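S.K.: Structure file query_3.txt (compact mmCIF, C-alpha atoms) right here:
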# COMPACT_ATOMS: atom_id res chain seq x y z
CA MET A 1 -2.60 19.00 22.42
CA ASP A 2 -3.89 15.45 22.69
CA LYS A 3 -1.37 14.08 20.20
CA LYS A 4 2.17 13.17 21.09
CA PRO A 5 5.19 12.61 18.86
CA ILE A 6 6.08 9.01 18.20
CA GLY A 7 9.11 7.69 16.35
CA VAL A 8 9.18 8.81 12.72
CA ASN A 9 9.70 5.26 11.55
CA PHE A 10 5.95 4.67 11.23
CA PHE A 11 4.54 2.09 8.82
CA ILE A 12 1.10 2.36 7.35
CA PRO A 13 -0.73 -1.00 7.17
CA MET A 14 0.38 -2.66 3.95
CA PRO A 15 -0.93 -5.33 1.60
CA VAL A 16 1.39 -8.32 1.44
CA VAL A 17 2.61 -9.50 -1.95
CA LEU A 18 5.15 -11.99 -3.21
CA VAL A 19 7.48 -10.53 -5.81
CA GLY A 20 8.70 -13.09 -8.33
CA THR A 21 11.93 -12.77 -10.27
CA GLN A 22 14.41 -14.93 -12.09
CA VAL A 23 17.90 -14.71 -10.65
CA ASN A 24 20.76 -16.62 -12.22
CA GLY A 25 18.27 -18.78 -14.05
CA LYS A 26 16.31 -19.71 -10.92
CA ASP A 27 12.83 -18.57 -9.95
CA ASN A 28 12.86 -16.61 -6.74
CA PHE A 29 10.13 -15.15 -4.54
CA MET A 30 10.34 -12.46 -1.91
CA THR A 31 7.72 -11.22 0.53
CA VAL A 32 7.15 -7.50 0.03
CA GLY A 33 5.01 -5.14 2.05
CA TRP A 34 5.82 -1.87 0.31
CA CYS A 35 3.74 -2.12 -2.79
CA ALA A 36 1.18 0.24 -4.33
CA ARG A 37 -0.23 1.27 -7.65
CA ALA A 38 1.85 4.03 -9.24
CA ASN A 39 0.14 5.12 -12.45
CA ALA A 40 -3.42 4.87 -13.69
CA ASN A 41 -2.96 4.51 -17.44
CA PRO A 42 -0.93 2.64 -18.50
CA PRO A 43 -1.39 0.64 -15.30
CA MET A 44 1.79 0.62 -13.24
CA ILE A 45 2.60 -0.82 -9.85
CA LEU A 46 5.58 -0.14 -7.60
CA CYS A 47 7.54 -2.03 -4.98
CA GLY A 48 10.05 -0.62 -2.50
CA ILE A 49 12.74 -3.25 -2.04
CA GLY A 50 15.87 -3.17 0.13
CA ASN A 51 18.95 -2.62 -2.04
CA HIS A 52 20.74 -5.66 -0.64
CA HIS A 53 18.02 -8.13 -1.60
CA HIS A 54 18.60 -10.99 -4.01
CA THR A 55 15.39 -10.00 -5.82
CA VAL A 56 16.99 -6.74 -6.98
CA LYS A 57 19.44 -8.70 -9.13
CA GLY A 58 16.63 -10.42 -10.99
CA ILE A 59 14.72 -7.21 -11.63
CA VAL A 60 17.83 -5.45 -12.90
CA GLU A 61 18.91 -8.40 -15.05
CA HIS A 62 15.59 -9.06 -16.75
CA GLN A 63 13.80 -5.72 -16.32
CA ALA A 64 10.81 -7.73 -15.18
CA PHE A 65 9.09 -8.98 -12.04
CA SER A 66 5.77 -10.43 -10.94
CA VAL A 67 3.46 -9.38 -8.12
CA ASN A 68 1.47 -12.23 -6.58
CA ILE A 69 -1.27 -11.86 -3.98
CA PRO A 70 -1.09 -14.68 -1.45
CA PRO A 71 -4.33 -15.70 0.30
CA SER A 72 -4.28 -15.95 4.09
CA GLY A 73 -4.09 -19.75 3.83
CA LEU A 74 -0.65 -19.34 2.28
CA ILE A 75 0.69 -17.44 5.30
CA GLU A 76 3.35 -19.96 6.22
CA LYS A 77 5.02 -20.06 2.80
CA THR A 78 4.53 -16.31 2.41
CA ASP A 79 6.34 -15.61 5.63
CA TYR A 80 9.01 -18.15 4.78
CA CYS A 81 9.85 -16.19 1.61
CA GLY A 82 10.53 -13.16 3.81
CA LEU A 83 12.67 -15.15 6.24
CA VAL A 84 15.19 -16.66 3.87
CA SER A 85 17.18 -15.07 1.07
CA GLY A 86 17.38 -16.56 -2.41
CA GLU A 87 21.09 -15.93 -2.18
CA LYS A 88 21.41 -18.77 0.31
CA ILE A 89 18.29 -20.87 -0.20
CA ASP A 90 16.79 -22.05 -3.48
CA LYS A 91 13.13 -20.96 -3.32
CA SER A 92 12.32 -22.07 -6.86
CA GLY A 93 10.39 -25.10 -5.64
CA VAL A 94 8.31 -23.47 -2.93
CA PHE A 95 5.41 -22.74 -5.26
CA ASP A 96 3.94 -24.09 -8.45
CA VAL A 97 5.14 -21.61 -11.07
CA PHE A 98 3.64 -20.47 -14.36
CA TYR A 99 4.49 -17.82 -16.93
CA GLY A 100 2.51 -15.35 -18.99
CA THR A 101 3.90 -13.10 -21.69
CA LEU A 102 7.16 -12.30 -19.94
CA LYS A 103 9.35 -15.34 -19.62
CA THR A 104 11.38 -13.93 -16.73
CA ALA A 105 8.56 -12.99 -14.36
CA PRO A 106 7.57 -16.25 -12.64
CA MET A 107 4.04 -16.25 -11.20
CA ILE A 108 2.59 -18.36 -8.42
CA ARG A 109 -0.28 -20.67 -9.23
CA GLU A 110 -1.34 -20.87 -5.55
CA CYS A 111 -1.99 -17.09 -5.53
CA PRO A 112 -5.49 -16.24 -6.79
CA VAL A 113 -4.30 -13.08 -8.56
CA THR A 114 -0.90 -12.58 -10.18
CA LEU A 115 0.53 -9.71 -12.20
CA GLU A 116 3.45 -9.73 -14.60
CA CYS A 117 5.29 -6.43 -14.86
CA ARG A 118 7.86 -4.90 -17.16
CA LEU A 119 10.21 -2.53 -15.36
CA VAL A 120 9.63 1.08 -16.34
CA LYS A 121 11.70 2.98 -13.84
CA SER A 122 14.00 2.39 -10.86
CA VAL A 123 14.14 5.07 -8.21
CA PRO A 124 17.21 4.61 -6.01
CA LEU A 125 16.88 5.75 -2.40
CA PRO A 126 19.43 5.41 0.41
CA ALA A 127 18.34 1.96 1.65
CA ASN A 128 15.71 0.85 -0.86
CA THR A 129 14.92 1.13 -4.53
CA VAL A 130 11.41 1.82 -5.74
CA PHE A 131 10.84 -0.36 -8.79
CA ILE A 132 7.99 0.82 -10.98
CA GLY A 133 6.60 -1.68 -13.43
CA GLU A 134 3.92 -1.61 -16.09
CA ILE A 135 1.39 -4.39 -15.60
CA VAL A 136 1.47 -6.25 -18.91
CA GLY A 137 -0.52 -9.26 -17.78
CA ALA A 138 -2.95 -10.01 -14.94
CA TRP A 139 -4.15 -13.51 -14.16
CA ALA A 140 -6.88 -14.69 -11.81
CA ASP A 141 -8.58 -17.85 -10.66
CA GLN A 142 -12.11 -17.80 -11.98
CA ARG A 143 -13.47 -18.50 -8.48
CA VAL A 144 -12.27 -15.06 -7.28
CA MET A 145 -13.99 -13.19 -10.13
CA LYS A 146 -17.55 -12.00 -9.67
CA ASP A 147 -19.44 -10.17 -12.41
CA GLY A 148 -16.12 -9.56 -14.16
CA LYS A 149 -14.53 -7.92 -11.13
CA PRO A 150 -12.11 -9.27 -8.54
CA ASP A 151 -13.97 -10.38 -5.41
CA PHE A 152 -11.60 -9.35 -2.63
CA PRO A 153 -13.04 -11.45 0.23
CA ALA A 154 -12.52 -14.46 -2.07
CA ILE A 155 -8.96 -13.31 -2.86
CA ASP A 156 -8.47 -13.17 0.93
CA PRO A 157 -5.35 -10.97 0.99
CA LEU A 158 -3.02 -10.46 3.92
CA PHE A 159 -1.92 -7.16 5.42
CA LEU A 160 1.24 -6.44 7.35
CA THR A 161 1.65 -3.99 10.20
CA MET A 162 4.99 -2.93 11.62
CA PRO A 163 6.75 -2.66 14.03
CA ASP A 164 4.38 -5.04 15.83
CA ASN A 165 5.08 -7.34 12.84
CA ARG A 166 1.65 -8.88 12.46
CA TYR A 167 -0.33 -10.21 9.56
CA TRP A 168 -4.05 -9.45 9.29
CA THR A 169 -6.88 -10.48 7.04
CA LEU A 170 -9.22 -8.18 5.13
CA GLY A 171 -11.98 -7.02 7.45
CA LYS A 172 -15.61 -6.09 6.97
CA TYR A 173 -17.16 -4.09 4.18
CA ALA A 174 -17.31 -0.52 5.48
CA GLY A 175 -18.91 1.46 2.66
CA ASP A 176 -18.74 2.43 -0.98
CA ALA A 177 -15.94 4.63 -2.28
CA TRP A 178 -16.87 7.74 -4.25
CA SER A 179 -20.26 7.37 -2.61
CA ALA A 180 -20.09 7.32 1.21
CA GLY A 181 -19.40 11.06 1.24
CA LYS A 182 -22.19 12.06 -1.11
CA ASN A 183 -24.40 13.51 1.63
CA LEU A 184 -21.58 15.84 2.63
CA LYS A 185 -21.03 16.75 -0.99
CA GLN A 186 -24.62 17.87 -1.25
CA GLN A 187 -23.94 20.28 1.60
CA SER A 188 -21.02 21.79 -0.35
CA PRO A 189 -19.96 24.49 -0.94
CA ILE A 190 -20.91 25.14 2.70
CA VAL A 191 -17.61 24.98 4.55
CA LEU A 192 -17.91 21.97 6.80
CA ARG A 193 -16.92 22.39 10.41
CA LYS A 194 -15.46 19.62 12.49
CA ASP A 195 -18.83 18.78 13.99
CA GLY A 196 -20.09 18.08 10.46
CA THR A 197 -22.54 20.97 10.39
CA MET B 1 -4.30 -23.81 -16.92
CA ASP B 2 -6.77 -22.82 -14.22
CA LYS B 3 -5.92 -19.12 -14.40
CA LYS B 4 -7.37 -16.75 -16.95
CA PRO B 5 -6.21 -13.32 -18.04
CA ILE B 6 -8.13 -10.42 -16.56
CA GLY B 7 -7.76 -6.75 -17.42
CA VAL B 8 -4.28 -5.44 -16.60
CA ASN B 9 -5.76 -2.53 -14.67
CA PHE B 10 -5.72 -4.49 -11.42
CA PHE B 11 -5.51 -2.77 -8.06
CA ILE B 12 -4.05 -4.40 -5.01
CA PRO B 13 -6.01 -3.67 -1.80
CA MET B 14 -4.75 -0.36 -0.49
CA PRO B 15 -4.64 1.48 2.83
CA VAL B 16 -6.62 4.72 2.70
CA VAL B 17 -4.90 7.93 3.76
CA LEU B 18 -5.70 11.61 3.65
CA VAL B 19 -2.91 13.71 2.17
CA GLY B 20 -2.75 17.21 3.60
CA THR B 21 -1.25 20.17 1.77
CA GLN B 22 -1.43 23.92 1.76
CA VAL B 23 -2.54 25.32 -1.57
CA ASN B 24 -2.75 29.06 -2.11
CA GLY B 25 -2.66 29.57 1.64
CA LYS B 26 -5.53 27.17 2.36
CA ASP B 27 -5.34 23.76 4.00
CA ASN B 28 -6.47 21.04 1.65
CA PHE B 29 -7.03 17.30 2.08
CA MET B 30 -7.26 14.59 -0.55
CA THR B 31 -8.15 10.93 -0.18
CA VAL B 32 -5.30 8.78 -1.50
CA GLY B 33 -5.17 5.02 -1.92
CA TRP B 34 -1.77 4.67 -3.55
CA CYS B 35 0.51 5.06 -0.59
CA ALA B 36 3.36 2.90 0.72
CA ARG B 37 6.60 3.14 2.59
CA ALA B 38 9.51 3.82 0.22
CA ASN B 39 12.73 3.76 2.22
CA ALA B 40 13.69 2.22 5.54
CA ASN B 41 16.25 4.67 6.89
CA PRO B 42 15.74 7.57 6.76
CA PRO B 43 12.03 6.70 6.86
CA MET B 44 10.29 7.73 3.64
CA ILE B 45 6.75 7.28 2.42
CA LEU B 46 5.35 7.71 -1.08
CA CYS B 47 2.03 8.65 -2.65
CA GLY B 48 0.95 8.23 -6.26
CA ILE B 49 -1.25 11.20 -7.09
CA GLY B 50 -2.98 12.08 -10.37
CA ASN B 51 -1.16 14.92 -12.10
CA HIS B 52 -4.31 17.02 -12.45
CA HIS B 53 -5.06 17.09 -8.71
CA HIS B 54 -5.15 20.29 -6.69
CA THR B 55 -2.96 18.59 -4.06
CA VAL B 56 -0.03 18.47 -6.50
CA LYS B 57 0.17 22.28 -6.47
CA GLY B 58 0.60 22.33 -2.71
CA ILE B 59 3.29 19.65 -2.68
CA VAL B 60 5.22 21.40 -5.44
CA GLU B 61 4.85 24.85 -3.86
CA HIS B 62 5.89 23.89 -0.33
CA GLN B 63 7.84 20.66 -0.89
CA ALA B 64 5.81 19.22 1.97
CA PHE B 65 2.72 17.13 2.66
CA SER B 66 1.11 15.19 5.46
CA VAL B 67 -0.20 11.63 5.54
CA ASN B 68 -3.13 11.09 7.89
CA ILE B 69 -4.72 7.72 8.72
CA PRO B 70 -8.47 8.08 9.04
CA PRO B 71 -10.28 5.61 11.32
CA SER B 72 -13.31 3.80 9.88
CA GLY B 73 -15.61 6.14 11.82
CA LEU B 74 -14.37 8.99 9.64
CA ILE B 75 -15.45 7.24 6.44
CA GLU B 76 -17.96 9.89 5.37
CA LYS B 77 -15.52 12.82 5.52
CA THR B 78 -12.74 10.65 4.11
CA ASP B 79 -14.80 9.77 1.08
CA TYR B 80 -15.97 13.36 0.74
CA CYS B 81 -12.34 14.48 0.36
CA GLY B 82 -12.05 12.14 -2.62
CA LEU B 83 -15.29 13.34 -4.18
CA VAL B 84 -14.63 17.06 -4.34
CA SER B 85 -11.57 18.96 -5.54
CA GLY B 86 -9.94 21.72 -3.53
CA GLU B 87 -9.89 23.67 -6.74
CA LYS B 88 -13.65 24.15 -6.49
CA ILE B 89 -14.48 23.51 -2.85
CA ASP B 90 -12.72 24.88 0.23
CA LYS B 91 -11.92 21.81 2.35
CA SER B 92 -9.93 23.73 4.96
CA GLY B 93 -12.75 23.50 7.51
CA VAL B 94 -13.61 19.82 7.12
CA PHE B 95 -11.21 18.75 9.87
CA ASP B 96 -9.62 20.18 12.97
CA VAL B 97 -6.08 20.96 11.82
CA PHE B 98 -2.78 21.07 13.68
CA TYR B 99 0.85 21.50 12.67
CA GLY B 100 4.12 19.93 13.70
CA THR B 101 7.57 21.03 12.58
CA LEU B 102 6.59 21.80 9.00
CA LYS B 103 4.24 24.73 8.81
CA THR B 104 2.89 23.80 5.39
CA ALA B 105 1.87 20.20 6.08
CA PRO B 106 -1.51 20.43 7.82
CA MET B 107 -2.41 17.38 9.90
CA ILE B 108 -5.83 16.13 10.97
CA ARG B 109 -6.58 15.93 14.68
CA GLU B 110 -9.41 13.44 14.10
CA CYS B 111 -6.94 10.93 12.62
CA PRO B 112 -5.24 8.83 15.32
CA VAL B 113 -1.89 8.81 13.48
CA THR B 114 -0.52 11.59 11.31
CA LEU B 115 2.81 12.02 9.56
CA GLU B 116 4.46 15.19 8.32
CA CYS B 117 6.72 14.72 5.32
CA ARG B 118 9.31 16.77 3.51
CA LEU B 119 9.40 16.09 -0.22
CA VAL B 120 12.53 14.23 -1.26
CA LYS B 121 11.78 13.25 -4.83
CA SER B 122 9.02 13.53 -7.43
CA VAL B 123 8.78 10.78 -10.01
CA PRO B 124 6.66 11.89 -12.96
CA LEU B 125 4.71 9.16 -14.75
CA PRO B 126 2.24 9.56 -17.63
CA ALA B 127 -0.91 10.09 -15.51
CA ASN B 128 0.39 10.29 -11.94
CA THR B 129 3.38 11.51 -10.02
CA VAL B 130 4.91 9.47 -7.24
CA PHE B 131 5.83 11.87 -4.46
CA ILE B 132 8.41 10.50 -2.05
CA GLY B 133 8.68 12.26 1.29
CA GLU B 134 10.88 11.83 4.33
CA ILE B 135 8.81 11.44 7.50
CA VAL B 136 10.08 14.23 9.73
CA GLY B 137 7.37 13.98 12.36
CA ALA B 138 4.86 11.34 13.44
CA TRP B 139 2.03 12.05 15.85
CA ALA B 140 -0.37 9.69 17.57
CA ASP B 141 -3.22 9.69 20.04
CA GLN B 142 -2.02 8.03 23.20
CA ARG B 143 -5.04 5.72 23.18
CA VAL B 144 -3.75 3.99 20.01
CA MET B 145 -0.30 3.33 21.47
CA LYS B 146 0.33 0.11 23.36
CA ASP B 147 3.69 -0.71 24.93
CA GLY B 148 5.24 2.03 22.82
CA LYS B 149 3.95 0.62 19.55
CA PRO B 150 0.99 1.59 17.38
CA ASP B 151 -2.02 -0.65 18.10
CA PHE B 152 -3.55 -1.11 14.67
CA PRO B 153 -7.00 -2.40 15.70
CA ALA B 154 -7.28 0.79 17.79
CA ILE B 155 -6.11 2.91 14.83
CA ASP B 156 -8.89 1.18 12.88
CA PRO B 157 -7.65 1.98 9.35
CA LEU B 158 -9.65 1.71 6.15
CA PHE B 159 -8.69 -0.16 3.01
CA LEU B 160 -9.83 0.51 -0.53
CA THR B 161 -10.40 -2.05 -3.26
CA MET B 162 -10.95 -1.16 -6.90
CA PRO B 163 -12.66 -1.42 -9.33
CA ASP B 164 -15.44 -2.61 -7.02
CA ASN B 165 -14.76 0.66 -5.17
CA ARG B 166 -15.29 -0.54 -1.63
CA TYR B 167 -13.87 0.40 1.73
CA TRP B 168 -12.99 -2.31 4.23
CA THR B 169 -11.81 -2.43 7.82
CA LEU B 170 -8.75 -4.24 9.15
CA GLY B 171 -9.60 -7.89 9.69
CA LYS B 172 -8.44 -10.51 12.14
CA TYR B 173 -4.95 -11.18 13.38
CA ALA B 174 -3.58 -13.91 11.12
CA GLY B 175 -0.08 -14.57 12.42
CA ASP B 176 3.30 -13.10 13.25
CA ALA B 177 5.56 -11.80 10.53
CA TRP B 178 9.14 -13.08 10.39
CA SER B 179 7.84 -15.96 12.48
CA ALA B 180 4.90 -17.80 10.84
CA GLY B 181 7.29 -19.41 8.35
CA LYS B 182 9.89 -20.57 10.87
CA ASN B 183 8.87 -24.21 10.68
CA LEU B 184 9.50 -24.18 6.96
CA LYS B 185 12.80 -22.42 7.52
CA GLN B 186 13.92 -25.26 9.75
CA GLN B 187 13.31 -27.59 6.83
CA SER B 188 15.64 -25.50 4.65
CA PRO B 189 17.82 -25.97 2.70
CA ILE B 190 15.61 -28.86 1.61
CA VAL B 191 13.95 -27.59 -1.53
CA LEU B 192 10.29 -27.32 -0.68
CA ARG B 193 7.83 -28.80 -3.12
CA LYS B 194 4.39 -27.40 -3.66
CA ASP B 195 2.85 -29.92 -1.27
CA GLY B 196 5.07 -28.53 1.49
CA THR B 197 7.19 -31.64 1.81
Before we go any further, please render this structure as structure tokens.

M.R.:
Amino acid sequence: MDKKPIGVNFFIPMPVVLVGTQVNGKDNFMTVGWCARANANPPMILCGIGNHHHTVKGIVEHQAFSVNIPPSGLIEKTDYCGLVSGEKIDKSGVFDVFYGTLKTAPMIRECPVTLECRLVKSVPLPANTVFIGEIVGAWADQRVMKDGKPDFPAIDPLFLTMPDNRYWTLGKYAGDAWSAGKNLKQQSPIVLRKDGT
Amino acid sequence: MDKKPIGVNFFIPMPVVLVGTQVNGKDNFMTVGWCARANANPPMILCGIGNHHHTVKGIVEHQAFSVNIPPSGLIEKTDYCGLVSGEKIDKSGVFDVFYGTLKTAPMIRECPVTLECRLVKSVPLPANTVFIGEIVGAWADQRVMKDGKPDFPAIDPLFLTMPDNRYWTLGKYAGDAWSAGKNLKQQSPIVLRKDGT
């Protein structure tokens, strides 16, 4: 056995987003690393957020939140929003804010892509709650759109790894999805062995 | 307004994992892009999986699944597992398989980090189900561990972007989390303006 057990508290590398809410009438933003799509159609996205966070109050109160994708150039403010709580510090002026359809899901103009979400379901877990929201609006800077699709190197997202607690940029193009494995598919239904034969 | 609405079906960049299950007595692996941590303690991870997928049967039957992190060198087999369904093609021989504590959560030896998970909760959504599992075992190649922590450049994970459908590698180190924003924190509680002053 070449593999050894490590601590079970392992974190997969995660895209970094800023979750926007309105709490007690003030815009608030929190850095969140536990975010993924949840449902294909209608499009839903989810965020796992610690139950003690100020952001939770805003989501519960307004049943709405935004998901903003900060570019790597915004690393300082992005990290800042994870360092201080809206309960103690007013973060409403950190970014230039705009609104879409939902008037209680503040979005960040400095982020090239922003999503406004209506809460669909809350899944309470011991330490966190998974908030699942339907994406009701998506906004992008025209400079990050290419042939009608988001151009991810231009969006320049950040990733977070833990417990080394590092941010990373998006790396190199590695291949096409639903395509890179086509040669192997042509060999199917031959049962592939580990040496690929 | 410099931002324009784009289609709401936006996908944040996502880490690529292979979800392992046992379906009808056979090991099966599916490429999954909708995966994130869900709870801090006890450590839980979640996957959003289309309701029609073969993998769902295995998770429901055994209340268990594995999450495997393929390195970029495994891109062809990783993509293959997203191209063909276990319902039609036997994928049990694609990888070298090992087991930890759970005997129905097959893990992939070729993946430098693998997690075995016991199902805690299923959250049904219209097209997908979010499966939340407690991580009961985590396994790693010693070569990807550094000072007791996972070394992510050595793990060499893949990321998926949609709808351009591209895989990407992990990029450059961009900064330290819970640290890069410390200068701004020292300026608190001054309300920061968008120009950072």

S.K.: Output as a PyMOL selection string the set of chain A residues within 6 Å of chain B, with distances taken over all atoms listed in the file.

M.R.: chain A and resi 3-6+8-9+34+36-39+43+48+76+79-80+83+89+93-96+127-128+135+137-141+165-178+180-181+189+191-194

S.K.: Which is closest to Met30 of chain A among A:Pro71, A:Met107, A:Leu102, A:Arg118, if we use all atoms listed in the file?

M.R.: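 Looking at the shortest contact to Met30 of chain A, the residue is A:Met107.
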
S.K.: Report the distance between atom CA of Asp156 of chain A and atom CA of Pro106 of chain A in Å, rounded to one decimal place.

M.R.: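 Atom CA of Pro106 of chain A lies at a distance of 21.2 Å from atom CA of Asp156 of chain A.
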
S.K.: Grab the atom CA of Thr104 of chain B to atom CA of Val56 of chain B distance for me, in Å with one decimal place.

M.R.: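 Going from atom CA of Thr104 of chain B over to atom CA of Val56 of chain B, I get 13.4 Å.
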
S.K.: How far is it from atom CA of Val19 of chain A to atom CA of Leu18 of chain B, in Å with one decimal?

M.R.: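 Value for the atom CA of Val19 of chain A-atom CA of Leu18 of chain B distance: 27.4 Å.
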